[in-house]
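Q: Pasting upload.txt here (compact mmCIF, C-alpha atoms):
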```txt
# COMPACT_ATOMS: atom_id res chain seq x y z
CA MET A 3 117.31 81.25 94.66
CA ILE A 4 117.53 84.96 94.00
CA LYS A 5 121.02 86.46 94.13
CA ARG A 6 120.33 89.95 95.47
CA LEU A 7 117.41 91.30 97.48
CA ILE A 8 116.15 94.85 97.99
CA VAL A 9 113.88 95.13 101.04
CA ASN A 10 112.07 98.44 100.50
CA ALA A 11 109.65 100.09 102.93
CA ASP A 12 107.05 102.28 101.28
CA ASP A 13 105.49 105.39 102.85
CA TYR A 14 108.41 107.08 104.63
CA GLY A 15 106.95 110.37 105.86
CA LEU A 16 103.33 109.22 106.16
CA SER A 17 103.55 109.64 109.95
CA GLU A 18 106.22 109.79 112.63
CA GLY A 19 105.41 106.23 113.70
CA VAL A 20 105.92 105.01 110.14
CA CYS A 21 109.31 106.73 109.97
CA LEU A 22 110.44 105.37 113.33
CA GLY A 23 109.35 101.88 112.35
CA ILE A 24 111.20 102.03 109.04
CA LEU A 25 114.40 103.24 110.68
CA LYS A 26 114.15 100.45 113.25
CA ALA A 27 113.58 97.89 110.49
CA HIS A 28 116.81 99.07 108.86
CA ARG A 29 118.82 99.36 112.08
CA ASP A 30 117.66 96.08 113.64
CA GLY A 31 116.41 94.06 110.69
CA ILE A 32 116.89 93.25 107.02
CA LEU A 33 115.43 96.46 105.53
CA THR A 34 117.77 98.12 103.02
CA SER A 35 115.72 100.86 101.39
CA THR A 36 112.73 103.17 101.71
CA THR A 37 110.79 105.60 99.54
CA CYS A 38 109.84 109.05 100.79
CA MET A 39 106.53 110.91 100.47
CA MET A 40 107.81 114.37 99.71
CA ASN A 41 104.49 116.23 100.02
CA MET A 42 103.81 115.10 103.58
CA GLU A 43 103.95 117.33 106.65
CA ASN A 44 107.27 117.32 108.54
CA ILE A 45 109.13 115.49 105.75
CA GLU A 46 112.15 117.76 106.29
CA LYS A 47 112.43 116.58 109.91
CA TYR A 48 111.91 112.97 108.95
CA LEU A 49 114.60 113.12 106.27
CA GLU A 50 117.00 114.65 108.78
CA MET A 51 116.48 111.51 110.88
CA THR A 52 117.77 109.34 108.03
CA LYS A 53 121.20 110.98 108.09
CA ASP A 54 122.20 108.67 110.95
CA TYR A 55 121.70 105.73 108.58
CA PRO A 56 124.02 106.25 105.59
CA ASN A 57 123.48 102.73 104.22
CA LEU A 58 119.71 103.16 103.95
CA GLY A 59 118.67 103.68 100.34
CA LEU A 60 116.30 106.64 99.92
CA GLY A 61 113.99 106.84 96.95
CA VAL A 62 110.94 108.99 96.21
CA HIS A 63 107.43 107.59 96.69
CA LEU A 64 105.61 109.54 93.97
CA ASN A 65 102.22 110.50 95.28
CA ILE A 66 98.88 111.83 94.01
CA THR A 67 96.42 110.18 96.40
CA VAL A 68 97.15 111.50 99.91
CA GLY A 69 98.12 114.86 101.38
CA LYS A 70 98.45 118.22 99.65
CA PRO A 71 100.18 118.70 96.29
CA LEU A 72 103.36 120.72 95.85
CA THR A 73 102.06 122.32 92.63
CA ASN A 74 98.78 123.70 91.34
CA VAL A 75 96.90 120.63 90.11
CA SER A 76 93.26 119.98 89.29
CA PHE A 77 92.97 116.58 91.00
CA VAL A 78 92.30 117.87 94.52
CA ASP A 79 89.23 117.90 96.77
CA GLU A 80 87.47 120.89 98.34
CA LYS A 81 90.12 121.04 101.11
CA GLY A 82 93.01 121.20 98.66
CA ASN A 83 94.14 117.63 99.30
CA PHE A 84 94.80 115.09 96.59
CA LYS A 85 91.63 113.23 95.71
CA SER A 86 91.41 109.83 97.38
CA ARG A 87 92.05 106.82 95.19
CA ASP A 88 88.52 105.69 96.03
CA THR A 89 87.07 108.65 94.10
CA TYR A 90 88.47 107.41 90.77
CA THR A 91 86.78 104.90 88.49
CA ASN A 92 88.10 101.44 89.39
CA ARG A 93 90.35 103.25 91.91
CA GLU A 94 92.72 104.16 89.05
CA ALA A 95 94.10 107.68 89.51
CA ILE A 96 94.11 108.86 85.90
CA VAL A 97 94.90 112.58 85.74
CA SER A 98 96.28 115.30 83.47
CA GLN A 99 99.67 114.08 82.25
CA GLU A 100 101.22 117.54 82.16
CA GLU A 101 100.07 118.27 85.72
CA LEU A 102 101.27 114.83 86.79
CA TYR A 103 104.72 115.47 85.32
CA GLN A 104 105.05 118.84 87.04
CA GLU A 105 103.85 117.51 90.42
CA TRP A 106 106.10 114.47 90.41
CA LYS A 107 109.05 116.54 89.23
CA ALA A 108 108.45 118.93 92.15
CA GLN A 109 108.46 116.00 94.56
CA ILE A 110 111.80 114.76 93.19
CA GLU A 111 113.28 118.25 93.25
CA LYS A 112 112.20 118.75 96.86
CA PHE A 113 114.06 115.58 97.84
CA ILE A 114 117.20 116.81 96.06
CA LYS A 115 116.97 120.23 97.68
CA ILE A 116 116.69 118.76 101.19
CA MET A 117 119.20 115.93 100.85
CA GLY A 118 121.69 117.46 98.44
CA HIS A 119 121.67 114.43 96.13
CA LYS A 120 119.34 112.43 93.90
CA PRO A 121 117.14 109.66 95.28
CA THR A 122 118.14 106.07 94.64
CA HIS A 123 114.97 105.26 92.67
CA LEU A 124 111.30 106.00 92.09
CA ASP A 125 108.11 104.16 92.96
CA SER A 126 104.66 105.42 93.95
CA HIS A 127 101.92 105.41 96.55
CA HIS A 128 99.24 102.89 95.57
CA HIS A 129 101.42 101.99 92.54
CA VAL A 130 99.84 104.77 90.49
CA HIS A 131 103.01 105.19 88.40
CA LEU A 132 102.38 101.69 86.98
CA LEU A 133 98.97 102.59 85.56
CA ASN A 134 98.97 102.52 81.76
CA SER A 135 97.95 106.19 81.79
CA ASN A 136 100.86 107.24 84.03
CA ILE A 137 103.81 104.98 83.23
CA ASP A 138 105.08 107.20 80.41
CA VAL A 139 105.41 110.13 82.83
CA ALA A 140 107.26 107.93 85.32
CA LEU A 141 109.62 106.68 82.62
CA LYS A 142 110.19 110.22 81.34
CA LEU A 143 111.21 111.40 84.82
CA ALA A 144 113.33 108.30 85.40
CA HIS A 145 115.22 109.02 82.18
CA GLU A 146 115.52 112.72 83.03
CA TYR A 147 117.05 111.99 86.44
CA ASP A 148 118.81 108.75 85.38
CA LEU A 149 117.05 106.65 88.03
CA PRO A 150 115.63 103.12 88.14
CA ILE A 151 111.94 102.66 88.87
CA ARG A 152 109.85 99.92 90.46
CA GLN A 153 108.33 97.91 87.64
CA GLU A 154 106.23 94.77 87.38
CA THR A 155 107.39 94.06 83.84
CA TYR A 156 110.75 94.96 82.32
CA LEU A 157 109.86 98.36 80.86
CA GLN A 158 112.98 100.34 81.70
CA LYS A 159 115.73 98.84 79.56
CA ASP A 160 118.62 101.10 80.61
CA PHE A 161 118.99 99.51 84.07
CA GLU A 162 119.43 95.85 84.93
CA PRO A 163 116.03 94.42 85.88
CA VAL A 164 114.69 94.22 89.41
CA TYR A 165 111.65 91.98 89.64
CA PHE A 166 108.76 93.17 91.77
CA GLU A 167 105.46 91.61 92.78
CA GLU A 168 103.11 92.78 95.52
CA LEU A 169 103.39 89.56 97.52
CA PHE A 170 104.49 90.48 101.06
CA TYR A 171 101.35 92.34 102.12
CA ASN A 172 98.45 92.07 104.56
CA GLN A 173 97.68 88.42 105.39
CA ASP A 174 100.54 87.33 103.13
CA ALA A 175 103.17 89.26 105.10
CA THR A 176 104.60 86.05 106.54
CA PHE A 177 107.83 84.08 106.84
CA GLU A 178 106.37 81.62 104.35
CA MET A 179 106.03 84.41 101.79
CA ILE A 180 109.62 85.50 102.37
CA ASP A 181 110.68 81.91 101.68
CA THR A 182 108.62 81.90 98.48
CA ILE A 183 110.24 85.14 97.35
CA LEU A 184 113.76 83.92 98.12
CA HIS A 185 113.21 80.94 95.84
CA LYS A 186 112.33 83.03 92.81
CA ASP A 187 114.57 82.25 89.84
CA VAL A 188 115.79 85.82 89.26
CA LYS A 189 118.95 87.79 90.02
CA ASN A 190 117.49 90.94 91.58
CA TYR A 191 114.22 91.13 93.49
CA GLU A 192 112.43 93.84 95.45
CA LEU A 193 110.45 92.83 98.52
CA MET A 194 108.03 95.66 99.26
CA CYS A 195 107.01 96.08 102.90
CA HIS A 196 105.25 98.56 105.20
CA PRO A 197 106.78 98.36 108.69
CA ALA A 198 105.71 100.96 111.25
CA MET A 199 105.26 101.83 114.87
CA ILE A 200 101.55 102.58 115.14
CA ASP A 201 100.57 106.15 116.00
CA TRP A 202 97.25 107.95 115.96
CA LYS A 203 97.91 109.76 112.69
CA LEU A 204 98.60 106.51 110.87
CA TYR A 205 95.51 104.93 112.39
CA GLN A 206 93.39 107.85 111.14
CA ILE A 207 94.71 108.15 107.58
CA SER A 208 95.51 104.57 106.54
CA SER A 209 93.32 101.49 106.64
CA TYR A 210 96.52 99.45 106.55
CA ASN A 211 97.73 100.17 110.06
CA LEU A 212 97.96 97.40 112.67
CA ARG A 213 99.40 94.94 110.17
CA ARG A 214 102.38 97.26 109.78
CA ALA A 215 103.48 96.46 113.34
CA HIS A 216 103.37 92.76 112.45
CA GLU A 217 105.54 93.44 109.40
CA LEU A 218 108.02 95.28 111.61
CA ASP A 219 108.33 92.26 113.90
CA ILE A 220 109.01 89.97 110.95
CA ILE A 221 111.56 92.27 109.29
CA CYS A 222 113.48 92.65 112.57
CA SER A 223 113.33 88.98 113.56
CA GLN A 224 116.30 86.67 113.87
CA LYS A 225 114.46 84.23 111.63
CA ALA A 226 114.34 86.74 108.77
CA LYS A 227 118.05 87.39 109.20
CA GLU A 228 118.79 83.66 109.08
CA MET A 229 116.61 83.19 106.01
CA THR A 230 118.46 85.91 104.08
CA LYS A 231 122.02 85.29 105.27
CA LYS A 232 123.03 83.71 101.94
CA ILE A 233 121.43 86.50 99.91
CA GLU A 234 123.18 89.79 99.13
CA LEU A 235 121.02 92.54 100.64
CA ILE A 236 121.26 95.67 98.50
CA ASN A 237 119.36 98.85 97.65
CA TYR A 238 118.59 100.45 94.32
CA GLN A 239 121.86 102.36 94.38
CA ASP A 240 123.53 99.01 93.62
CA ILE A 241 121.48 98.46 90.45
CA LYS A 242 123.78 99.13 87.53
CA LYS A 243 123.23 100.84 84.24
CA ASN A 244 122.80 98.48 81.32
CA LEU A 245 125.75 99.63 79.24
CA ALA A 246 124.62 97.55 76.28
CA ILE A 247 121.74 99.96 75.72
CA SER A 248 122.61 102.82 73.37
```
Transcribe the structure of this file into structure tokens.
A:
Amino acid sequence: MIKRLIVNADDYGLSEGVCLGILKAHRDGILTSTTCMMNMENIEKYLEMTKDYPNLGLGVHLNITVGKPLTNVSFVDEKGNFKSRDTYTNREAIVSQEELYQEWKAQIEKFIKIMGHKPTHLDSHHHVHLLNSNIDVALKLAHEYDLPIRQETYLQKDFEPVYFEELFYNQDATFEMIDTILHKDVKNYELMCHPAMIDWKLYQISSYNLRRAHELDIICSQKAKEMTKKIELINYQDIKKNLAIS
């Protein structure tokens, strides 16, 4: 079995219902971490809500596919919003690397300005940081801020590896999938999830909506707690630097 498990909720800030669901999943369930969408409306208020939960890891959910950018970028629609992922060839958001760097850096800096400290880690909305065209920018920022990133293969050698696969999602967000994940033969593993309390904004802007309430029920269940009681639940702040790397 795995030794340590990060249970990370994506999309903190997408809507108030998403934020309330994530905080409940941490307070009442096995959730240990979340990543914040720093370009979303009311993110300052939503981050203030996290201050009652000092053990909740807070990363940045790097974003270029929903909401308005923080910088002047070319990959926006006629309303000034980020272009939808559906507008890109094969849904791969490939953009100017210099603009991408400046936008993602602004998102990280906004988190630091509001919270007074660095985030625990970096990942991205729709996993765009893992695209071959964008991973170098993500790694550059991770090195600049000395932060671990979500990665599907072991690309970032200066932190001990955390294995990630997009398994707990949609119809596969089940207790059976949690059991499968727990029996992975790795030390550190990240279970990505999307718990939420459904509100009208979420229903309007995300096709993945009602299933989030189901995820919330699972994450908060006694069964999930029993299944993980022999696993050390951590967040990315507990992932150590690999001191063997020069």
Q: Might you pull out every residue within 9 Å of Arg87 of chain A, with all atoms listed in the file counted and same-chain residues fewer than 6 positions away left off, and present them as a PyMOL selection string?
A: chain A and resi 66-68+93-95+128
Q: Counting only C-alpha atoms, what is within 9 Å of Leu60 of chain A, bar same-chain residues fewer than 3 positions away, as number ranges by chain?
A: A: 35-38, 52, 120-123, 237-239
Q: Give me the residues within 9 Å of segment 214-226 of chain A as number ranges by chain, counting only C-alpha atoms and dropping any in the same chain fewer than 6 places off.
A: A: 20, 23-24, 26-33, 170-172, 175-177, 180, 195-200
Q: Could you please determine the separation between atom CA of Ser135 of chain A and atom CA of Leu204 of chain A in Å, to one decimal place?
A: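 Distance between the two atoms: 29.1 Å.
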Q: Could you name the residues that touch Lys189 of chain A at 9 Å or less, counting only C-alpha atoms, but leaving out those on the same chain fewer than 6 positions away, as a ChimeraX atom specification?
A: /A:3-7,163-165
Q: Report the distance between atom CA of Lys107 of chain A and atom CA of Pro56 of chain A in Å, rounded to one decimal place.
A: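 Pair atom CA of Lys107 of chain A / atom CA of Pro56 of chain A returns 24.4 Å.
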Q: Within 7 Å of Ile8 of chain A, counting all atoms listed in the file, which residues show up once you throw out same-chain ones fewer than 6 positions away? Write them as a CSV table (one decimal) with C-alpha atoms, in the frame of the given file, please.
A:
```
chain,number,residue,atom,x,y,z
A,34,THR,CA,117.8,98.1,103.0
A,35,SER,CA,115.7,100.9,101.4
A,191,TYR,CA,114.2,91.1,93.5
A,192,GLU,CA,112.4,93.8,95.4
A,193,LEU,CA,110.4,92.8,98.5
A,235,LEU,CA,121.0,92.5,100.6
A,236,ILE,CA,121.3,95.7,98.5
A,237,ASN,CA,119.4,98.8,97.6
```
Q: What are the centre and the three edge lengths of an axis-aligned box that wraps all atoms of segment 23-41 of chain A in the file, given that 6 Å is added to every side, written as lines of an AutoDock Vina configuration file and rounded to one decimal in Å?
A:
```
center_x = 111.7
center_y = 104.7
center_z = 106.6
size_x = 26.3
size_y = 35.0
size_z = 26.1
```
Q: Restricting the calculation to all atoms listed in the file, which member of A:Ala144, A:Leu184, A:Ile45, A:Leu72 is positioned closest to Glu18 of chain A?
A: A:Ile45
Q: Between A:Leu212, A:Val78, A:Leu49, A:Ile151, which has the minimum distance to Leu132 of chain A (counting all atoms listed in the file)?
A: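 Once distances to Leu132 of chain A are computed over all atoms listed in the file, the minimum belongs to A:Ile151.
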Q: Quote the spacing between atom CA of Glu234 of chain A and atom CA of Met194 of chain A in Å to one decimal place.
A: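 Separating atom CA of Glu234 of chain A from atom CA of Met194 of chain A is a distance of 16.2 Å.
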